[in-house]
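Colleague: Got a structure for you, query-v3.txt, holding compact mmCIF, C-alpha atoms and all ligand atoms.
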```txt
# COMPACT_ATOMS: atom_id res chain seq x y z
CA MET A 1 16.51 3.91 9.00
CA ALA A 2 14.29 1.40 10.69
CA LEU A 3 12.18 -1.58 9.74
CA LEU A 4 8.64 -1.20 11.01
CA PRO A 5 5.99 -3.89 11.55
CA ILE A 6 3.23 -3.90 8.91
CA LEU A 7 -0.34 -4.03 10.23
CA THR A 8 -2.64 -6.66 8.77
CA ALA A 9 -6.42 -6.66 8.39
CA PRO A 10 -8.64 -6.68 10.31
CA ASP A 11 -6.90 -3.89 12.27
CA PRO A 12 -8.99 -0.80 13.11
CA ARG A 13 -6.07 1.52 12.26
CA LEU A 14 -6.26 0.40 8.62
CA LYS A 15 -9.85 1.72 8.44
CA LYS A 16 -9.01 5.28 9.60
CA LYS A 17 -8.64 8.38 7.44
CA SER A 18 -5.09 9.78 7.52
CA LYS A 19 -4.25 13.48 7.97
CA PRO A 20 -2.31 15.59 5.43
CA VAL A 21 1.25 16.56 6.39
CA GLU A 22 1.76 20.32 6.83
CA ALA A 23 5.18 20.24 5.17
CA VAL A 24 7.77 17.70 4.09
CA ASP A 25 10.25 18.24 6.93
CA ASP A 26 12.99 16.00 8.33
CA ASP A 27 10.45 13.97 10.34
CA VAL A 28 8.39 13.23 7.21
CA ARG A 29 11.57 12.38 5.25
CA ARG A 30 12.61 9.97 8.03
CA LEU A 31 9.14 8.38 7.84
CA MET A 32 9.48 8.07 4.04
CA ASP A 33 12.90 6.42 4.34
CA ASP A 34 11.70 3.98 7.02
CA MET A 35 8.65 3.13 4.90
CA LEU A 36 10.79 2.47 1.81
CA GLU A 37 13.13 0.18 3.75
CA THR A 38 10.15 -1.64 5.28
CA MET A 39 8.54 -2.01 1.83
CA TYR A 40 11.73 -3.44 0.26
CA ALA A 41 12.15 -5.90 3.14
CA ALA A 42 8.54 -7.17 2.95
CA PRO A 43 9.03 -7.30 -0.10
CA GLY A 44 6.43 -5.10 -1.79
CA ILE A 45 6.12 -2.43 -4.49
CA GLY A 46 4.05 0.12 -2.54
CA LEU A 47 3.37 1.08 1.08
CA ALA A 48 1.16 3.68 2.76
CA ALA A 49 1.92 5.18 6.20
CA PRO A 50 -1.26 3.79 7.88
CA GLN A 51 0.02 0.29 7.08
CA ILE A 52 2.71 0.90 9.71
CA GLY A 53 0.22 2.59 12.04
CA VAL A 54 1.12 6.21 11.15
CA LEU A 55 -2.03 8.10 10.14
CA LYS A 56 -0.32 10.59 7.79
CA ARG A 57 -0.93 11.01 4.06
CA VAL A 58 2.41 9.61 2.91
CA ILE A 59 3.06 6.78 0.43
CA VAL A 60 6.14 5.20 -1.14
CA LEU A 61 6.39 3.11 -4.31
CA ASP A 62 9.03 1.38 -6.36
CA ILE A 63 7.95 -0.68 -9.34
CA ASP A 64 10.74 -2.64 -10.98
CA ARG A 65 9.53 -4.83 -13.82
CA GLU A 66 10.72 -5.36 -17.35
CA ASP A 67 8.20 -2.88 -18.78
CA VAL A 68 7.93 -0.43 -15.84
CA LYS A 69 10.81 0.82 -13.72
CA THR A 70 9.98 3.80 -11.55
CA GLY A 71 12.79 3.84 -8.99
CA PRO A 72 11.81 4.92 -5.46
CA LEU A 73 8.89 7.38 -5.40
CA PHE A 74 7.96 9.38 -2.28
CA MET A 75 4.59 11.13 -2.17
CA ALA A 76 3.12 13.31 0.57
CA ASN A 77 -0.56 14.38 0.36
CA PRO A 78 -1.09 12.54 -2.96
CA GLU A 79 -4.40 13.11 -4.73
CA VAL A 80 -5.84 12.03 -8.04
CA VAL A 81 -6.55 15.22 -10.03
CA GLU A 82 -7.49 13.51 -13.29
CA ALA A 83 -8.66 10.00 -14.16
CA SER A 84 -9.32 8.31 -17.51
CA ASP A 85 -12.81 7.13 -18.47
CA GLU A 86 -11.24 3.85 -19.48
CA ASP A 87 -10.99 1.28 -16.67
CA VAL A 88 -8.64 -1.61 -16.23
CA SER A 89 -8.79 -4.71 -14.05
CA TYR A 90 -5.73 -5.89 -12.17
CA GLU A 91 -5.26 -8.72 -9.71
CA GLU A 92 -4.29 -6.83 -6.55
CA GLY A 93 -2.72 -7.98 -3.35
CA CYS A 94 -1.65 -6.05 -0.28
CA LEU A 95 1.00 -6.37 2.41
CA SER A 96 -1.82 -5.79 4.91
CA VAL A 97 -3.93 -8.58 3.39
CA PRO A 98 -1.21 -11.22 3.04
CA ASP A 99 -1.59 -14.10 0.58
CA HIS A 100 -4.98 -13.01 -0.84
CA TYR A 101 -5.51 -11.60 -4.32
CA SER A 102 -8.51 -10.29 -6.19
CA ASP A 103 -9.32 -8.46 -9.41
CA VAL A 104 -10.08 -4.78 -8.82
CA VAL A 105 -11.36 -2.38 -11.50
CA ARG A 106 -9.92 1.15 -11.48
CA PRO A 107 -9.29 3.97 -14.00
CA ALA A 108 -6.48 2.91 -16.36
CA GLU A 109 -4.69 6.27 -16.20
CA VAL A 110 -4.55 8.89 -13.48
CA THR A 111 -2.69 12.12 -12.86
CA VAL A 112 -1.57 12.35 -9.26
CA ARG A 113 -0.56 15.60 -7.52
CA PHE A 114 1.76 15.33 -4.52
CA LEU A 115 4.66 16.82 -2.61
CA ASP A 116 7.93 15.03 -3.34
CA ARG A 117 10.73 14.22 -0.86
CA ASP A 118 11.96 17.84 -1.17
CA GLY A 119 8.48 19.24 -0.54
CA LYS A 120 8.07 20.33 -4.17
CA GLN A 121 4.62 19.94 -5.74
CA GLN A 122 4.54 17.62 -8.72
CA ASP A 123 1.93 16.30 -11.13
CA MET A 124 2.67 12.81 -12.44
CA LYS A 125 0.80 10.95 -15.14
CA CYS A 126 0.54 7.29 -14.20
CA GLU A 127 -0.55 4.32 -16.30
CA GLY A 128 -0.39 0.55 -16.13
CA LEU A 129 0.74 -0.99 -12.85
CA LEU A 130 1.86 2.42 -11.53
CA ALA A 131 -1.69 3.80 -11.93
CA THR A 132 -3.14 0.80 -10.09
CA CYS A 133 -0.54 0.99 -7.35
CA VAL A 134 -0.91 4.75 -6.76
CA GLN A 135 -4.72 4.42 -6.47
CA HIS A 136 -4.37 1.42 -4.13
CA GLU A 137 -2.00 3.38 -1.85
CA ILE A 138 -4.18 6.53 -1.84
CA ASP A 139 -7.11 4.30 -0.86
CA HIS A 140 -5.11 3.27 2.23
CA LEU A 141 -4.96 6.96 3.26
CA ASP A 142 -8.77 6.99 3.26
CA GLY A 143 -9.07 3.74 5.23
CA ILE A 144 -9.99 1.69 2.14
CA LEU A 145 -8.48 -1.73 1.38
CA PHE A 146 -8.66 -3.51 -1.99
CA ILE A 147 -11.02 -6.03 -0.38
CA ASP A 148 -13.50 -3.15 0.08
CA HIS A 149 -13.81 -3.11 -3.73
CA ILE A 150 -14.96 -6.75 -3.94
CA SER A 151 -18.12 -8.57 -2.84
CA ALA A 152 -18.93 -8.69 0.87
CA LEU A 153 -19.06 -12.46 0.66
CA LYS A 154 -15.51 -12.74 -0.65
CA ARG A 155 -14.28 -9.99 1.69
CA ASN A 156 -15.64 -11.71 4.78
CA MET A 157 -14.17 -15.02 3.70
CA ILE A 158 -10.72 -13.39 3.33
CA LEU A 159 -11.03 -11.62 6.71
CA ARG A 160 -11.93 -14.90 8.43
CA LYS A 161 -8.89 -16.61 6.88
CA LEU A 162 -6.65 -13.71 7.91
CA LEU A 163 -7.78 -14.00 11.53
CA LYS A 164 -7.07 -17.73 11.45
CA ALA A 165 -3.64 -17.12 9.85
CA ARG A 166 -2.85 -14.49 12.49
CA LYS A 167 -3.58 -16.94 15.30
CA GLU A 168 -1.33 -19.52 13.64
CA LYS A 169 1.42 -16.90 13.21
CA GLU A 170 1.19 -15.90 16.88
CA ARG A 171 1.54 -19.55 17.82
CA ASP A 172 4.55 -19.94 15.48
CA GLU A 173 6.20 -16.85 16.96
CA ALA A 174 5.61 -18.10 20.49
CA GLU A 175 7.38 -21.30 19.46
CA GLY A 176 10.23 -19.35 17.80
CA ARG A 177 9.51 -20.03 14.11
CA PRO A 178 10.40 -17.15 11.73
CA ALA A 179 7.74 -15.06 9.95
CA ASP A 180 6.97 -15.62 6.26
CA LYS A 181 7.94 -13.11 3.56
CA ALA A 182 5.36 -11.96 1.00
CA LYS A 183 4.75 -14.92 -1.31
CA ASP A 184 3.97 -12.87 -4.39
CA PRO A 185 5.86 -9.55 -4.21
CA GLU A 186 4.64 -8.56 -7.69
CA HIS A 187 1.18 -8.07 -6.19
CA ALA A 188 2.12 -6.80 -2.74
CA LEU A 189 0.96 -3.18 -2.71
ZN ZN A 201 -2.09 -2.27 0.29
```
Kindly return the structure encoded in the file as structure tokens.

Modeller:
Amino acid sequence: MALLPILTAPDPRLKKKSKPVEAVDDDVRRLMDDMLETMYAAPGIGLAAPQIGVLKRVIVLDIDREDVKTGPLFMANPEVVEASDEDVSYEEGCLSVPDHYSDVVRPAEVTVRFLDRDGKQQDMKCEGLLATCVQHEIDHLDGILFIDHISALKRNMILRKLLKARKEKERDEAEGRPADKAKDPEHAL
């Protein structure tokens, strides 16, 4: 397994639409395992392949809270096949938008269809944080970030701060200071 660098906005690769995988073969399983390890190390609770620069429709999740424990979930070609009329608002964050959080409104419950790590098709009913997280990760596969769901004013402010933070990080790295971990892993999707 390998730890892979996570892209941060604004990076053009995060705005691209990812391609479905033809089958869950050993290469896709290796990608899933690398993504899971990278997500745990960040640390985060969800990661989509484009966040590590691979434009394939693959996501991994692992939510471990008192009320929701999913264990590691691997999904290839995930799609929402059913969504509730009822919406819910959750303060989202993203490993590709470090240290910024914003309320995003999404359907409260969704059924997601995907191929699991063995290539078997599954339908999974998701609610609560899992529903939010799955929709956030599927958005990544379509080149959509959570900041695309908020006002342009707030989005542009966040993007400006990210560019500034990136320059500071590059300076820190040049001077040999270690990179920061996610400050709020509960929200790092
Ligand atoms: Zn994200």

Colleague: Which value, in Å to one decimal, gives the distance between CA of Met75 in chain A and CA of Thr132 in chain A?

Modeller: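 Value for the CA of Met75 in chain A-CA of Thr132 in chain A distance: 15.1 Å.
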
Colleague: Around (-7.5, -4.3, -16.9) in the file's own coordinates, what residues are found within 8 Å if you use all atoms listed in the file, given back as a VMD selection string?

Modeller: chain A and resid 87 to 90 105 108

Colleague: From the options A:Leu145, A:Leu162, A:Met35, A:Val80, which residue's atoms come nearest to ligand ZN 201 (chain A), counting all atoms listed in the file?

Modeller: A:Leu145

Colleague: Compare A:Ala152, A:Leu7, A:Ala23, A:Met157 by their minimum atom-to-atom distance to Pro50 in chain A, counting all atoms listed in the file, and give me the closest one.

Modeller: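 Going through A:Ala152, A:Leu7, A:Ala23, A:Met157 one by one, the smallest distance to Pro50 in chain A is for A:Leu7.
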
Colleague: Once you count all atoms listed in the file, what closest atom pair and distance in Å to one decimal does each residue of chain A within 8 Å of ligand ZN 201 (chain A) have, with rows by chain and rising residue number, as CSV?

Modeller:
```
residue,atom,partner,partner_atom,distance
A:Gly46,CA,A:ZN201,ZN,7.2
A:Leu47,CA,A:ZN201,ZN,6.5
A:Ala48,CA,A:ZN201,ZN,7.2
A:Gln51,CA,A:ZN201,ZN,7.6
A:Gly93,CA,A:ZN201,ZN,6.8
A:Cys94,CA,A:ZN201,ZN,3.8
A:Leu95,CA,A:ZN201,ZN,5.6
A:Ser96,CA,A:ZN201,ZN,5.8
A:Val97,CA,A:ZN201,ZN,7.3
A:His136,CA,A:ZN201,ZN,6.2
A:Glu137,CA,A:ZN201,ZN,6.0
A:His140,CA,A:ZN201,ZN,6.6
A:Leu145,CA,A:ZN201,ZN,6.5
A:Phe146,CA,A:ZN201,ZN,7.1
A:Ala188,CA,A:ZN201,ZN,6.9
A:Leu189,CA,A:ZN201,ZN,4.4
```

Colleague: Pro43 in chain A: which residues within 9 Å, counting only C-alpha atoms, same-chain residues fewer than 5 positions away excluded, as a ChimeraX atom specification?

Modeller: /A:38,95,181-186,188

Colleague: One decimal, in Å: what's the spacing between CA of Ile138 in chain A and CA of Lys164 in chain A?

Modeller: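 We find that CA of Ile138 in chain A and CA of Lys164 in chain A lie 27.8 Å from each other.
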